[in-house]
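Chemist: This is the structure, below, for whatever I ask next.
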Amino acid sequence: MTTEPDTTEAQPAEPSPAALAWRLWILLVWHPALGLPVDPVAVLGLDESRQPAERVVRWVPLIYDVADPWRERLDESTAGEDVERWIAQSGGACSLAPADVPEGALDLTHAADLVLDELLAEVIPALPPRGDG
């Protein structure tokens, strides 16, 4: 008896060619209790393969004043060159960390939302309270 492979099983979806051009970063600020810039305040997504380039920012809810340094840096023309400059300047009160594009992301906005969801579910609850600063 010959058995054929089960082709009814769902195959993992290949990332779309557009997804390969998406770049995501977690924007971080100084965490007073830890003494390091590890407090996530937003997710930045860029797709420079589009003209004009697409930019998405998803802010952590209920974070206002602490995120001001990033709010001052970001504008509608934020591009990869800005991110590279910020990476070179990292180490002070602001920093950023690259994030992987999540599997199953439908577009850049959805990708940023998925990263933010993970931050809200896993990373932020694990951080100690900010303290007085």
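Residues are referred to by chain and number: the chain letter is A, B, ... according to the order shown in the structure tokens, the number counts from 1 in that chain, and ligands are numbered separately from 1 in the order shown.
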If we count only C-alpha atoms and set the cut-off at 10 Å, which residues sit around stretch 111-126 of chain A, ignoring sequence neighbours fewer than 6 positions away in its own chain? Please answer as a ChimeraX atom specification.

Modeler: /A:19,22-26,38-46,56-61,99-105

Chemist: Find, counting only C-alpha atoms, the residue in A:Ala53, A:Ala93, A:Ala21, A:Val66 that gets nearest to A:Gly35.

Modeler: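 Closest residue, counting only C-alpha atoms: A:Ala93.
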
Chemist: If you run DSSP on the backbone here, which positions in chain A get strand (DSSP E or B)? Please write them as a ChimeraX atom specification.

Modeler: /A:22-31,36-47,54-59,94-99

Chemist: Contacts of A:Ala79 at 9 Å or less, counting only C-alpha atoms, minus same-chain residues fewer than 4 places along, as a PyMOL selection string?

Modeler: chain A and resi 46-48+53-55+83-84

Chemist: Find the distance between atom CA of A:Leu127 and atom CA of A:Asp75 and write it in Å to one decimal.

Modeler: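 Between atom CA of A:Leu127 and atom CA of A:Asp75 the gap works out to 28.3 Å.
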
Chemist: Quick one: pick out all helix (DSSP H, G or I) residues within stretch 2-130 of chain A from a backbone DSSP run and write them as a ChimeraX atom specification.

Modeler: /A:17-21,65-73,80-89,108-126

Chemist: As an exercise, work out the distance from atom CA of A:Thr78 to atom CA of A:Leu62 in Å and give it to one decimal place.

Modeler: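 Between atom CA of A:Thr78 and atom CA of A:Leu62 the gap works out to 23.3 Å.
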
Chemist: Could you jot down the atom CA of A:Gly92 to atom CA of A:Arg73 separation for me, Å, one decimal place?

Modeler: 14.2 Å
